[in-house]
Each structure stands twice: as C-alpha cells, then as structure tokens.
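Heads up: the structure comes next, in structure tokens.
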Amino acid sequence: MGGILITGASRGLGAALATRYATPGQRLILTARSLKALSDISRVCRDQGAQISPLVLDLDDPDSVDAFHVARRRLDLGAGGLSLVIANAGVFAGRSSFAKLEGVDAQVHQINVNLTANIALLTPIAEEMRKAGRGHIAVVSSLAARQPQPDSPAYSASKAGLSAWAKAMADDLAEAGIHVTDIQPGHIDTAQTEGHQGLLPGLMSAEKAATIIHRGLAQKKRQIAFPLSIAWLIWLTNWLPDPLRRLALKPYRYQVRSPHADLKAESKD
Ligand SMILES: NC(=O)c1ccc[n+]([C@@H]2O[C@H](COP(=O)([O-])OP(=O)(O)OC[C@H]3O[C@@H](n4cnc5c(N)ncnc54)[C@H](OP(=O)(O)O)[C@@H]3O)[C@@H](O)[C@H]2O)c1
C-alpha cells in the first residue's frame with residue numbers, strides 16, 4: 001500500500017477525499033497553505049487509523065512548491081512509495097456584477113494556481129513514477145473545461161488547460177504503466193459555491209463527490225465526469241449553433257457575492 005497525496009485537503013472536496021481515503025494504516029500526505037488549516041482534518045483521519053503527514057503547499061508561490069517537493073521526498077512512505085496523487089487544490093474568483101469583466105489580477109491568479117502551479121507540482125512526481133514504473137496521478141478539473149463559463153473565463157481556461165495536460169500526460173505515460181485521471185466535477189456544495197448567485201443544477205455534497213471520485217479512481221478511469229446528466233447536457237449543447245447554445249446557457253449565468261477576497265476581482269473602468 002503506497003502513500004496518497006491530496007492537495008487542498010483543509011476543507012471542501014479535498015477534506016472529503018482525505019476522509020474517504022483515511023483507512024487504517026494508509027499513509028496520507030495532506031496539504032494546504034498552512035498547517036493550522038489542516039489540523040482538524042488531520043485529527044479526523046488519524047482517528048480513522050490513517051498515518052497523516054500534513055505539509056504546507058502554496059501553489060501561488062514557486063518557492064513553496066519547491067520546498068514541498070523537498071519535504072515530501074524526506075517522508076518515509078514505505079516500499080510502495082507515492083502511489084496516488086490527487087491534485088485537488090484550486091481557486092475560483094468570479095465577478096460581483098455583470099456590468100464589469102473579471103479583473104486581470106483575478107484571472108491570472110486562477111491560471112497560475114489551477115494550471116501553471118499544478119504542472120510544476122505534478123511533473124517531478126510524474127517523472128519519479130515513470131522511473132518506478134507505477135503510479136496514478138489525478139487532477140481535479142471541472143465540467144467548465146467542457147463548456148467554458150461566460151462568467152468565469154479564466155477559471156474555465158485554467159480547467160480546460162488542466163484537462164488537456166492530463167490527457168496528454170495519460171497518453172505519454174500509459175506505456176510506462178502510469179495512470180492519469182481527469183476529474184471533471186459539476187457543482188459541489190463547498191466554499192467555492194458559497195457566494196454563487198444563480199442556479200446550481202446538480203449541486204451535490206462534497207462527501208457524495210468524494211465517493212464518486214474514489215470509485216472512479218479505484219477503476220483507474222481516464223476521466224471521471226459527474227453528475228452524468230449535466231455532462232451529457234453539456235455534450236448536447238456543444239452541438240448547437242452558437243446563438244442557440246447561448247440561449248441554453250442564459251438561465252445559468254451567475255454573479256458571485258464576494259469574489260476572491262485577496263484580489264481586485266473586477267476590471268477597472
Ligand atoms: N465546488 C465546486 O462546485 C467545484 C466544481 C468543479 C471543480 N471544483 C474544483 O474542486 C477543487 C476543490 O474545490 P472546493 O470546491 O473543495 O473548494 P474550497 O472549499 O475552496 O477548497 C479549496 C482548497 O484548495 C486550497 N487552496 C486554495 N488556494 C491554494 C493555494 N494557493 N495553494 C494551495 N492550496 C490552495 C485550500 O486550502 P487553504 O485555503 O487552506 O490553503 C482548500 O483546501 C478545486 O480545484 C475546484 O476548482 C469545484
């Protein structure tokens with residue numbers, strides 16, 4: 001039984017995944033931007049019998065990504081090494097008014113964290129797995145990768161890029177015995193959807209999403225897209241001519257009550 005790394009495990013989907021994988025004896029590396037943020041979930045997982053290594057990882061800081069690689073290589077994960085990585089950490093901004101576009105800082109931040117930093121995180125791990133001839137890498141993308149959201153262009157672009165990266169890596173690494181899974185969830189009831197002002201079709205709990213992902217990863221699926229009904233609807237709408245597709249999207253347009261707190265989310269006039 002090798003170790004499992006889950007990024008963004010302090011809350012939401014990452015915390016639900018950590019609980020799902022926290023079986024007796026299982027080694028889990030859990031990350032967030034601070035150790036304090038990981039204390040509650042680490043306790044829950046330890047109570048379930050898992051061995052927890054909480055590590056700091058700030059995807060917005062290249063030095064932190066480098067320091068994380070040094071720290072995780074020092075961990076004793078037993079003979080199985082690192083068997084599964086779930087790159088779950090991600091950010092979403094949105095805008096508070098249809099009257100303005102999402103600001104440049106907020107858009108670049110989402111690309112940096114969701115796409116660029118995940119490549120910096122996962123490439124050295126993929127190289128180690130390739131040399132070992134085994135391992136499984138999973139990225140948490142979004143259904144927004146299939147149908148870009150007009151109200152979150154950079155988030156959609158970051159997830160479409162992550163899905164494309166995962167597909168390319170899956171094809172490259174298949175012969176080396178490495179599995180790469182692209183996870184594309186729909187709406188999940190977490191901090192990310194808290195400020196959403198609009199419809200949230202197919203909204204599900206983080207626990208249910210974690211169960212679907214756990215099952216799909218056990219089957220080494222190349223792609224896990226859910227809920228299936230929404231994934232199929234998106235597939236169908238993508239066949240529509242643009243004016244009809246825009247009409248179909250209209251009821252699902254949204255604003256966000258408190259866009260990314262650290263950033264100037266809307267564009268200047
Ligand atoms: N919720 C949805 O509807 C939905 C739908 C599709 C896809 N997703 C994707 O699912 C994943 C999990 O999202 P969630 O809904 O669980 O959101 P969440 O509750 O906001 O959790 C995000 C996690 O990412 C971590 N994180 C944020 N910024 C980070 C950074 N700069 N460096 C490292 N870690 C960082 C957070 O940890 P700290 O803040 O403690 O550092 C937290 O653990 C994300 O990739 C998201 O895009 C979510």
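We name chains A, B, ... following the order of the structure tokens; residues begin at 1 in each chain, and ligands are numbered from 1 as shown.
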
### Message
as a VMD selection string, please: every protein or nucleic acid residue near ligand 1 (cut-off 8 Å, counting only C-alpha atoms and all ligand atoms).
### Response
chain A and resid 7 to 15 31 to 34 37 to 38 57 to 61 87 to 92 113 to 114 140 to 144 155 159 184 to 193 203 206

### Query
Near A:Pro251, counting only C-alpha atoms, which residues have an atom at most 12 Å away, once you skip same-chain residues fewer than 6 positions from it, shown as a ChimeraX atom specification?
/A:197-201,245

Could the residues in this selection be saved with all heavy atoms as a compact mmCIF listing (two decimals), in the first residue's frame?
```
# COMPACT_ATOMS: atom_id res chain seq x y z
N GLN A 197 -24.42 33.38 -6.96
CA GLN A 197 -25.76 33.94 -7.10
C GLN A 197 -26.30 33.55 -8.47
O GLN A 197 -26.04 34.21 -9.48
CB GLN A 197 -25.71 35.45 -6.97
CG GLN A 197 -25.33 35.89 -5.56
CD GLN A 197 -25.33 37.39 -5.41
OE1 GLN A 197 -24.68 38.08 -6.17
NE2 GLN A 197 -26.06 37.88 -4.43
N GLY A 198 -27.02 32.45 -8.49
CA GLY A 198 -27.55 31.91 -9.73
C GLY A 198 -27.92 30.45 -9.48
O GLY A 198 -27.80 29.96 -8.36
N LEU A 199 -28.33 29.76 -10.54
CA LEU A 199 -28.72 28.36 -10.38
C LEU A 199 -27.49 27.48 -10.22
O LEU A 199 -26.42 27.78 -10.78
CB LEU A 199 -29.52 27.91 -11.61
CG LEU A 199 -30.83 28.66 -11.88
CD1 LEU A 199 -31.45 28.20 -13.20
CD2 LEU A 199 -31.81 28.45 -10.74
N LEU A 200 -27.66 26.42 -9.46
CA LEU A 200 -26.56 25.44 -9.29
C LEU A 200 -27.13 24.05 -9.61
O LEU A 200 -27.35 23.24 -8.71
CB LEU A 200 -26.03 25.47 -7.85
CG LEU A 200 -25.18 26.68 -7.44
CD1 LEU A 200 -24.97 26.72 -5.93
CD2 LEU A 200 -23.83 26.65 -8.15
N PRO A 201 -27.39 23.76 -10.89
CA PRO A 201 -28.00 22.48 -11.22
C PRO A 201 -27.10 21.31 -10.84
O PRO A 201 -25.89 21.38 -11.04
CB PRO A 201 -28.17 22.56 -12.76
CG PRO A 201 -27.21 23.60 -13.21
CD PRO A 201 -27.05 24.57 -12.08
N ARG A 245 -26.93 27.90 -28.42
CA ARG A 245 -26.14 27.47 -27.25
C ARG A 245 -26.14 28.58 -26.19
O ARG A 245 -26.30 28.33 -25.00
CB ARG A 245 -24.71 27.13 -27.69
CG ARG A 245 -23.91 26.35 -26.68
CD ARG A 245 -22.54 25.96 -27.23
NE ARG A 245 -21.87 27.09 -27.87
CZ ARG A 245 -21.24 28.05 -27.20
NH1 ARG A 245 -21.19 28.01 -25.89
NH2 ARG A 245 -20.68 29.05 -27.85
```

Can you write out as CSV which residues of stretch 173-226 of chain A fall within 8 Å of stretch 120-133 of chain A, alongside each residue's closest atom pair and its distance in Å to one decimal, counting only C-alpha atoms and ordering rows by chain and ascending residue number?
```
residue,atom,partner,partner_atom,distance
A:Leu173,CA,A:Arg130,CA,7.1
A:Ala176,CA,A:Gly133,CA,5.5
A:Gly177,CA,A:Gly133,CA,5.6
A:Ile178,CA,A:Arg130,CA,6.8
```

### Task
Enumerate as a ChimeraX atom specification all residues of stretch 19-260 of chain A assigned to helix (DSSP H, G or I) by DSSP on the backbone, naming them with the chain letters and numbers the document uses.
/A:19-21,35-47,62-73,104-132,143-145,153-176,191-194,206-218,228-237,242-252

### Task
Within stretch 49-259 of chain A, find each residue whose DSSP state, derived from the backbone, is strand (DSSP E or B), and express the selection as a ChimeraX atom specification.
/A:51-56,82-87,102,135-140,178-185,188,196-197,204,223-226,255-256

#### Entry: Residue with smallest distance to A:Trp232 - pool A:Arg146, A:Arg46, A:His109, A:Lys36, counting only C-alpha atoms
A:Arg146

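Our summary of the geometry notes that atom CA of A:Arg253 is positioned 26.1 Å from atom CA of A:Glu207.
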
### Message
Need the shell around A:Asn238: protein/DNA/RNA residues with any atom at most 12 Å away, counting only C-alpha atoms. Skip same-chain ones fewer than 5 positions apart. Format as an NGL selection string?
### Response
:A and (146-148 or 231-233 or 243-246 or 248-249)

Show me, as a PDB file with N, CA and C atoms, in the first residue's frame, the residues that have an atom within 7 Å of A:Gln51 when counting only C-alpha atoms, minus same-chain residues fewer than 6 positions from it.
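result_1.pdb was written with the following content:
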```pdb
ATOM      1  N   GLY A  25      -3.859   2.321   8.651  1.00  0.00           N
ATOM      2  CA  GLY A  25      -2.532   2.056   8.096  1.00  0.00           C
ATOM      3  C   GLY A  25      -2.204   2.857   6.839  1.00  0.00           C
ATOM      4  N   GLN A  26      -3.207   3.477   6.221  1.00  0.00           N
ATOM      5  CA  GLN A  26      -2.954   4.221   4.976  1.00  0.00           C
ATOM      6  C   GLN A  26      -2.122   5.471   5.260  1.00  0.00           C
ATOM      7  N   ARG A  27      -1.044   5.657   4.505  1.00  0.00           N
ATOM      8  CA  ARG A  27      -0.245   6.882   4.641  1.00  0.00           C
ATOM      9  C   ARG A  27      -0.836   7.962   3.748  1.00  0.00           C
ATOM     10  N   LEU A  28      -1.140   9.103   4.353  1.00  0.00           N
ATOM     11  CA  LEU A  28      -1.738  10.216   3.608  1.00  0.00           C
ATOM     12  C   LEU A  28      -0.892  11.464   3.773  1.00  0.00           C
TER      13      LEU A  28
END
```

Can you list every residue of stretch 83-159 of chain A that has an atom at most 12 Å from stretch 254-259 of chain A, with its nearest atom pair and the distance in Å to one decimal, using only C-alpha atoms, ordered by chain then number, as CSV?
```
residue,atom,partner,partner_atom,distance
A:Val91,CA,A:Pro259,CA,10.8
A:Phe92,CA,A:Pro259,CA,8.3
A:Ala93,CA,A:Pro259,CA,5.1
A:Gly94,CA,A:Pro259,CA,5.6
A:Arg95,CA,A:Val256,CA,5.5
A:Ser96,CA,A:Val256,CA,4.9
A:Ser97,CA,A:Gln255,CA,6.0
A:Phe98,CA,A:Gln255,CA,6.9
A:Ala99,CA,A:Gln255,CA,10.2
A:Lys100,CA,A:Gln255,CA,10.6
A:Leu101,CA,A:Gln255,CA,10.9
A:Glu102,CA,A:Pro259,CA,9.4
A:Gly103,CA,A:Pro259,CA,10.4
A:Ala106,CA,A:Pro259,CA,9.0
A:Gln107,CA,A:Pro259,CA,11.5
A:Gln149,CA,A:Tyr254,CA,9.4
A:Pro150,CA,A:Tyr254,CA,9.0
A:Asp151,CA,A:Tyr254,CA,6.5
A:Ser152,CA,A:Tyr254,CA,9.2
```
